[in-house]
Each structure stands twice: as structure tokens, then as C-alpha cells.
Amino acid sequence: MVLTCQACCVLSQGQKVYVFAGTINPGKKISSKEGGAMKISRFCLVFLAVLVALCVVTLISSDTFAQAKKVRKVVVATDATWPPMEMVDASKKIVGFDIDFMNAVAKEAGFQVEYRNTAWDGIFGGLEAKKYDAIISSVTITEERQKKYDFSEPYVNVGQILVIPKAAKNVKALADLKGKKVGAQIGTTGSFEIKKVAGVELKTYDEIGLAFEDMAAGRIDGVVCDEPTAAHFALQRAEYKAKFSIAGQPFTEESYGVVVQKGDKELVDLLNREFAQPRQRRSMSS
Amino acid sequence: MAPLRRKPKTIAGQEPLTIEVGDGAAIPRRKDVGMFTAWRVAFFGAIAMVLYLIFFTPDPYRNIIAFVPDGIWVTFKVTVGAILLALVIGLFAGLGRLATNRVINGIASLYVEVIRGIPLLVQLFYIYYALGRIVNIPAITSAIIAMAVCYGAYMGEIFRAGIQSISKGQMEAARSLGMNKTQAMIHVILPQAVTVILPPIGNEFVALLKDSSLVSILAVADLLRRGREFASETFTYFETYTMVALIYLIMTLFFSKLISIMEERIRAGK
């Protein structure tokens, strides 16, 4: 009974039927001899085990292949040093608004996401080298970047804002910091804005947190970054709350977009289709 | 006198031979024909390549070369500043390691041991941000101090070895002339040790020049930082780092040549 069942299974998978046929014949031959009953049963058992294993393996592998075909995996780079948009939490997990957003989009659109924590000043280079499919990392859509990479539709609007030490007097904008040093993360729109103001010396940092730490140490007189991140450092962090304040209002109008490789129309369309869905459909957790 | 435990072979009463591979650039010595030729090929090749790229592919190479000169200057300042400070620290560390006073000897040895056991990159972060909490000094000064504290430990070992290479008879002769220990050290031992110490110090200088690229993580606008800023704004990663690598190569080769010339002079003067 069991044997026939296995045979069916193997046949249904269309795999190596001749193996099965070959096992039956010697079994019959041996059974005709006397006193070989024990040996035969053992022999059969071993082959049964092999057949079962074969069946299981084929079933599992065909199952996973089918799944892999259905669900596309998108590898997404993020520079998780930009709270509250993307950061690493206490359990070393990458979390933040961008991550929640991307997860929600992926869930709706039916693809898997894998995140790669990548240093900001090489993040575009990595995309060019095809190390990942997309970047979600509070990337402002700029003309320069659009020349080399493709963007999704904007998903958040933000502005650059100046953070200064509380002790600083009469500083309302970047222009009031002539002859002084102002920090920003390397290669960010914040650093481009500082560069535009003549007389202000730009200092670039690998991470925005290092810029704030340097301002706390008194080495620089201001930091420019995206408004949500500025609010996180200047208003929420316990160690900086008493030291920093925000100067004036956001002075640029920018939009974040998801970056993909130039010409990756498939992924851009997939994202844009999902972005166009009504907001309330998306379930943003935490 | 157990015959099996013979001392290692020595040459004319010196220390047994050891293999020495410095972490600086290879110094092109005349007797090493291969390296001497390689130096010429690399040095003039790098210069030719820079010129070629600037004149025949002005975009982006000419923009890069226009962007980085202040970075080269900062790299140079950090290197020279750090080596000078490291020399002072190294001299005291070296003398401390030779001191008979157990406390001084202990402190100097501990300094050398601790510093040599911590990666330079970690030290840079640590000293830069630790200093920042205590005193308000500019970034470039903090970077120079951090580099000097690290290299001081290695310099200390060079000074110690250099001083120990001078035969004991020199000290004894100086003492018998009525000098005290300090006078003997300043007037007799150190002037002789300098000729032994200078070549490895030159080597350390080239090594430090290369390691100075690490200060770019401290927001010190050195050559590498300027290159990274340019690349992250224009996305010309390959072109920018090609240029940065060539400029570093030209600088290290130039200084290693200077050191080989200095070595020859010292040898001729003996």
C-alpha cells in the first residue's frame, strides 16, 4: 500500500520512474530465495526511505520556486543615521518613518523588501553599481540627482532648517552666521544650501549626529538639516534639548522621493501606482 | 655553557638580525634597483596621468583638481603638525622607557602599550570627541593632537631603539668627563642617536601622511574629505577617487624620495 502510494507520488512529479522500476525487480528476485525475508524487508525499507526523501525534497523545492516567482524581492538602501526618518533602534533593527512607509507600500504592492544600511556619501554610487534596487533615505528630489537616477513621485514635503546653540544671539537665518562655521551631512541638500551663502564656512560630516555633537562641543555655530531631523535632535534628545534651539522657519521647499536605477521603469511604476492609492488605505504601524 | 642553547648569530656584536617592514611607502634606495626603477615609473607615471586627465578630460577632472587644493594643504598641515608633536612626545616616551625610575618607566611603557593596542581610527574618534567635551579647540588642532598621541607611541620605540644602539662606553666616557646623566644624554648620546633615528622617522612621516586621510572622518577638510564632498555632489565617484589616489601617490612618492636622499647624505657624512 505504502509502496504504491510512493510510486504515485514519484510518477506525479514525473521524476526518475526508472529508479523505482529498478528497485522492484531485485526485490522480487531475492524474495524467491528462502530465508531472505528479513533482508528483503530491510532492503525495501531503505528504498522506501530514499523515495520518501526524494518526494519531500521535490515537493518543498517546487513549492519555494513557485513562491520566489510570485514575490519580487526589492533590496533598498538607507542611511539609518537620520532620525526620525531612518535610524537603528536598540535591537539593531532599521526603523523610522521611511521604513514604515516602504513596508506599507510593499505590503500593498506585494513585494518583499530587504534593507541595507549604507553610508550616505556612497549611497548613490552603490545604486549605480547595482548593489541594490532602490534608495529610501529622505532623498530630496533635485535636478542634479534626476540627471543620473530616476525618482518615484514625491511622498513627503520638507524644508531645510537651521539649528543653533541656545546661547547664540540675533541669529535668525544662515546669513547671520557670516564668518562662522556651519555643519551639515556630506552631500545633503542642507550642505548645498550652506555653500550658497557667501561668507559661511561649510563643514561636512559623515553623519548628522556628529555635526550636532560638534556643535555641542562648540566647534561649529550652526547645523542645517531637514526639519524633522532638526526637531528630533534639538527638541527631543535629552542631552541636546537644553543646548540647542531652532532658528526661524524652514527656508527651502523640498520633496522626498524613492530613488531607483536610471531606466528602471518597472520599479518606478510599481511604486507610483501604490503612491497614487488613497492615503487611508495604507496601514502605517508604529 | 650548554652547547644546545647557543645565542643567535650576531654580526659584529650587534643585535640579531630581524626582518623590518615599515608601514610607510617603500623607500627607493639606490642599491635596490627594482624599487628604484619602480619609483621612477610610478612617480612620473602618476604625474603624466594627472596631466593627461586634466587636459584631455577636463570634465570632471579639471573640476576635481580645482576643488581639492585646500584639502592638500590641510593634509600637509596635519601631517607636519602631527609629526613634530609626535617627535616631542616620542622623545619623552623613549627616554621614559629607558628611565631607571620605576614610576616614570611604568607610565611610559603603559602609554606605549595602550596606544599601540588601539586602532588609530578609534583613537581619532575618541580623542576628538573626548577633547571636545573638555576644551574648545578647533577641529584641525584636535586631529593633530590625536594623530600625534598615536604616532608618539611608535616614535617612542624608535627613540628607545636609537638611544640603545649607542654603545654604553659613550655614556661611561661622558660621565667620567664629569657630565651628569642629562648632560651626557643631550651632548653625547642624542646627537649620535639622531643619525640612527632619522631614517625610520622619515618612514613614519610617509606612513603618517597616508594615515592622515583618516582625519577626514572628523570633518577636517583634508584631501580625502574634499574628494568625498566633490563625489557626493556630482556622483563622479570613480573619477574623483582616481584623482585623489593619484595625488596621494605623488605626495608619498615625493617624500619617500626626499627620505632616501637624506639617508644617503647621512651615510656619506659618517
# chains A, B, ... in the order shown; residues from 1 in each chain; ligands from 1
call {"tool": "interface_residues", "arguments": {"of": "chain A", "to": "chain B", "cutoff": "8 Å", "atoms": "only C-alpha atoms", "output": "VMD selection string"}}
result
chain A and resid 121 to 122 124 to 125 144 186 to 187 203 to 206 213 to 214 217 to 219
call {"tool": "residues_around", "arguments": {"residues": "A:Asp221", "least_positions_apart": "5", "cutoff": "8 Å", "atoms": "only C-alpha atoms", "output": "list in words"}}
result
Ile164, Pro165, Leu177, Lys180, Lys181, Val182, Gly183 and Met215 of chain A
call {"tool": "write_last_selection", "arguments": {"atoms": "N, CA and C atoms", "output": "mmCIF file, in the first residue's frame"}}
result
data_model
loop_
_atom_site.group_PDB
_atom_site.id
_atom_site.type_symbol
_atom_site.label_atom_id
_atom_site.label_comp_id
_atom_site.auth_asym_id
_atom_site.auth_seq_id
_atom_site.Cartn_x
_atom_site.Cartn_y
_atom_site.Cartn_z
ATOM 1 N N ILE A 164 20.753 76.166 16.021
ATOM 2 C CA ILE A 164 21.869 76.938 16.600
ATOM 3 C C ILE A 164 21.964 76.650 18.096
ATOM 4 N N PRO A 165 23.106 76.973 18.699
ATOM 5 C CA PRO A 165 23.191 76.858 20.162
ATOM 6 C C PRO A 165 22.242 77.863 20.806
ATOM 7 N N LEU A 177 25.233 84.160 10.067
ATOM 8 C CA LEU A 177 26.385 83.400 10.555
ATOM 9 C C LEU A 177 27.614 83.612 9.660
ATOM 10 N N LYS A 180 31.387 82.395 10.179
ATOM 11 C CA LYS A 180 31.339 81.300 11.155
ATOM 12 C C LYS A 180 31.204 79.962 10.423
ATOM 13 N N LYS A 181 31.333 78.889 11.203
ATOM 14 C CA LYS A 181 31.268 77.550 10.621
ATOM 15 C C LYS A 181 29.886 76.950 10.856
ATOM 16 N N VAL A 182 29.348 76.368 9.800
ATOM 17 C CA VAL A 182 28.051 75.703 9.913
ATOM 18 C C VAL A 182 28.194 74.284 9.358
ATOM 19 N N GLY A 183 27.655 73.318 10.073
ATOM 20 C CA GLY A 183 27.825 71.921 9.697
ATOM 21 C C GLY A 183 26.597 71.331 9.022
ATOM 22 N N MET A 215 28.682 70.645 17.481
ATOM 23 C CA MET A 215 28.109 71.927 17.886
ATOM 24 C C MET A 215 28.001 71.969 19.413
#
call {"tool": "closest_residue", "arguments": {"among": "B:Leu209, B:Ala108, B:Ala99, B:Val114", "to": "B:Ala82", "atoms": "only C-alpha atoms"}}
result
B:Leu209
call {"tool": "residues_around", "arguments": {"residues": "stretch 225-233 of chain A", "least_positions_apart": "5", "cutoff": "9 Å", "atoms": "only C-alpha atoms", "output": "list of chain:residue names"}}
result
A:Trp82, A:Pro83, A:Pro84, A:Met85, A:Ser138, A:Val158, A:Gly159, A:Gln160, A:Ile161, A:Leu162, A:Val163, A:Gly183, A:Ala184, A:Gln185, A:Thr188, A:Thr189, A:Gly190, A:Ser191, A:Ile208, A:Gly209, A:Phe212, A:Ala238, A:Glu239, A:Tyr240, A:Lys241, A:Phe244, A:Ile246, A:Pro250
call {"tool": "residues_around", "arguments": {"residues": "stretch 272-275 of chain A", "least_positions_apart": "6", "cutoff": "9 Å", "atoms": "only C-alpha atoms", "output": "PyMOL selection string"}}
result
chain A and resi 105-106+108-109+152-155
call {"tool": "write_last_selection", "arguments": {"atoms": "C-alpha atoms", "output": "PDB file, in the first residue's frame"}}
result
ATOM      1  CA  VAL A 105       3.811  50.146   0.175  1.00  0.00           C
ATOM      2  CA  ALA A 106       5.488  46.772  -0.229  1.00  0.00           C
ATOM      3  CA  GLU A 108       0.038  46.606  -0.683  1.00  0.00           C
ATOM      4  CA  ALA A 109       2.022  46.131  -3.884  1.00  0.00           C
ATOM      5  CA  SER A 152       9.374  57.965  -7.725  1.00  0.00           C
ATOM      6  CA  GLU A 153       6.651  60.544  -7.209  1.00  0.00           C
ATOM      7  CA  PRO A 154       7.272  62.653  -4.072  1.00  0.00           C
ATOM      8  CA  TYR A 155       5.933  61.126  -0.850  1.00  0.00           C
TER       9      TYR A 155
END
call {"tool": "atom_distance", "arguments": {"atom1": "atom CA of B:Leu249", "atom2": "atom CA of B:Ala42"}}
result
8.2 Å
call {"tool": "closest_residue", "arguments": {"among": "B:Ile47, B:Ala26, B:Ala93, B:Ile65", "to": "B:Thr240", "atoms": "only C-alpha atoms"}}
result
B:Ile65
call {"tool": "atom_distance", "arguments": {"atom1": "atom CA of A:Lys73", "atom2": "atom CA of A:Val113"}}
result
5.8 Å
call {"tool": "closest_residue", "arguments": {"among": "B:Gly269, B:Gly34, B:Pro60, B:Pro199", "to": "B:Gly162", "atoms": "only C-alpha atoms"}}
result
B:Pro199
call {"tool": "atom_distance", "arguments": {"atom1": "atom CA of A:Asp100", "atom2": "atom CA of A:Glu254"}}
result
20.5 Å
